[in-house]
$ cat data20.pdb   # PDB, C-alpha atoms
ATOM      1  CA  MET A   1      97.636 108.389  79.159
ATOM      2  CA  SER A   2      99.942 108.635  82.141
ATOM      3  CA  ASP A   3     103.625 107.789  82.376
ATOM      4  CA  PRO A   4     104.014 104.044  83.173
ATOM      5  CA  LYS A   5     106.343 104.895  86.066
ATOM      6  CA  MET A   6     103.996 107.480  87.596
ATOM      7  CA  LYS A   7     103.425 107.178  91.364
ATOM      8  CA  LEU A   8     100.009 107.408  93.061
ATOM      9  CA  ASN A   9     100.621 110.930  94.380
ATOM     10  CA  ALA A  10     101.441 112.101  90.861
ATOM     11  CA  VAL A  11      98.312 110.367  89.520
ATOM     12  CA  TYR A  12      96.179 112.228  92.067
ATOM     13  CA  GLU A  13      97.788 115.591  91.291
ATOM     14  CA  THR A  14      97.410 115.029  87.549
ATOM     15  CA  ALA A  15      93.752 114.056  88.004
ATOM     16  CA  LYS A  16      93.127 117.223  90.030
ATOM     17  CA  GLU A  17      94.811 119.380  87.388
ATOM     18  CA  GLN A  18      92.711 117.747  84.655
ATOM     19  CA  ASN A  19      89.524 118.128  86.744
ATOM     20  CA  LYS A  20      88.874 114.371  86.751
ATOM     21  CA  LYS A  21      86.598 114.351  89.769
ATOM     22  CA  GLN A  22      85.547 110.699  89.623
ATOM     23  CA  LEU A  23      89.140 109.539  89.543
ATOM     24  CA  CYS A  24      90.007 111.740  92.537
ATOM     25  CA  ARG A  25      86.904 110.538  94.380
ATOM     26  CA  PHE A  26      87.832 106.881  93.788
ATOM     27  CA  MET A  27      91.293 107.487  95.231
ATOM     28  CA  GLN A  28      89.873 109.307  98.260
ATOM     29  CA  ASP A  29      87.295 106.559  98.868
ATOM     30  CA  MET A  30      89.868 103.779  98.642
ATOM     31  CA  ARG A  31      92.249 105.635 100.967
ATOM     32  CA  ARG A  32      89.427 106.213 103.456
ATOM     33  CA  ALA A  33      88.510 102.499 103.304
ATOM     34  CA  GLY A  34      92.140 101.520 103.943
ATOM     35  CA  LEU A  35      92.469  99.679 100.630
ATOM     36  CA  LYS A  36      95.900  99.603  99.033
ATOM     37  CA  GLN A  37      96.026 101.292  95.640
ATOM     38  CA  ARG A  38      98.448 100.962  92.787
ATOM     39  CA  VAL A  39      98.878 102.558  89.384
ATOM     40  CA  TYR A  40      97.365 100.281  86.738
ATOM     41  CA  HIS A  41      97.790 100.320  82.960
ATOM     42  CA  ASP A  42      95.540  98.106  80.843
ATOM     43  CA  LYS A  43      95.807  96.987  77.241
ATOM     44  CA  LEU A  44      93.287  99.569  75.994
ATOM     45  CA  LEU A  45      95.323 102.642  76.919
ATOM     46  CA  TRP A  46      93.555 103.171  80.272
ATOM     47  CA  SER A  47      95.769 104.159  83.185
ATOM     48  CA  GLY A  48      95.157 105.383  86.701
ATOM     49  CA  PRO A  49      94.580 104.113  90.242
ATOM     50  CA  ALA A  50      93.337 100.613  90.964
ATOM     51  CA  VAL A  51      92.813  98.166  93.819
ATOM     52  CA  VAL A  52      93.790  94.492  93.558
ATOM     53  CA  CYS A  53      91.382  92.296  95.507
ATOM     54  CA  GLU A  54      89.652  88.943  95.801
ATOM     55  CA  ASP A  55      86.173  90.421  96.373
ATOM     56  CA  VAL A  56      85.089  93.006  93.815
ATOM     57  CA  GLU A  57      81.827  93.751  95.623
ATOM     58  CA  ALA A  58      83.687  94.643  98.821
ATOM     59  CA  VAL A  59      85.672  97.280  96.908
ATOM     60  CA  LEU A  60      82.642  98.603  95.034
ATOM     61  CA  ALA A  61      80.779  98.998  98.335
ATOM     62  CA  GLN A  62      83.343 101.635  99.328
ATOM     63  CA  THR A  63      82.586 104.060  96.472
ATOM     64  CA  ASN A  64      79.807 105.412  94.267
ATOM     65  CA  VAL A  65      82.237 106.002  91.403
ATOM     66  CA  PRO A  66      81.452 103.853  88.316
ATOM     67  CA  CYS A  67      84.145 101.183  88.122
ATOM     68  CA  LEU A  68      85.354  98.363  85.934
ATOM     69  CA  SER A  69      87.053  95.169  87.009
ATOM     70  CA  VAL A  70      89.214  92.631  85.270
ATOM     71  CA  GLN A  71      90.249  89.217  86.521
ATOM     72  CA  LYS A  72      93.973  88.559  86.768
ATOM     73  CA  GLY A  73      94.481  84.968  87.857
ATOM     74  CA  LYS A  74      92.590  84.414  91.116
ATOM     75  CA  ARG A  75      92.344  88.132  91.907
ATOM     76  CA  PHE A  76      90.624  91.144  90.408
ATOM     77  CA  VAL A  77      91.794  94.630  89.510
ATOM     78  CA  VAL A  78      89.092  97.244  90.227
ATOM     79  CA  TYR A  79      89.504 100.708  88.733
ATOM     80  CA  PRO A  80      87.317 103.727  87.921
ATOM     81  CA  LYS A  81      85.948 104.054  84.393
ATOM     82  CA  GLN A  82      87.479 107.516  84.155
ATOM     83  CA  GLY A  83      91.237 107.298  83.658
ATOM     84  CA  LEU A  84      94.065 109.720  82.996
TER      85      LEU A  84
END
$ encode --input "data20.pdb" --output "structure tokens"
Amino acid sequence: MSDPKMKLNAVYETAKEQNKKQLCRFMQDMRRAGLKQRVYHDKLLWSGPAVVCEDVEAVLAQTNVPCLSVQKGKRFVVYPKQGL
């Protein structure tokens, strides 16, 4: 699990060092699509990059990486299954 105060650049570098290709790919795809990412930590010890959105399908259309989503109020958090 990553440090709760870890920044996105550090998440990417850590993922590269740990050879977590799907996580790196998700971050590259979201950056290419112009979607704002943030570091997300869920209740089940998952942590890594995520996108907060209103339309999950629009985010999923930008990547082939297997993802999960969770509803937070009226919005969704979309993140890759592979975490740090």
$ residues_around --input "data20.pdb" --residues "region 30-43 of chain A" --least-positions-apart "5" --cutoff "12 Å" --atoms "only C-alpha atoms" --output "PyMOL selection string"
chain A and resi 1-12+23-25+48-53+55+58-65+68-72+76-81+83-84
$ axis_aligned_box --input "data20.pdb" --around "region 24-41 of chain A" --padding-each-side "4 Å" --output "lines of an AutoDock Vina configuration file"
center_x = 92.9
center_y = 105.7
center_z = 93.5
size_x = 20.0
size_y = 20.1
size_z = 29.0
$ atom_distance --input "data20.pdb" --atom1 "CA of Val56 (chain A)" --atom2 "CA of Lys21 (chain A)"
21.8 Å
$ atom_distance --input "data20.pdb" --atom1 "CA of Thr14 (chain A)" --atom2 "CA of Met27 (chain A)"
12.4 Å
$ closest_residue --input "data20.pdb" --among "A:Asp29, A:Glu57, A:Gln82, A:Asn19" --to "Leu45 (chain A)" --atoms "only C-alpha atoms"
A:Gln82
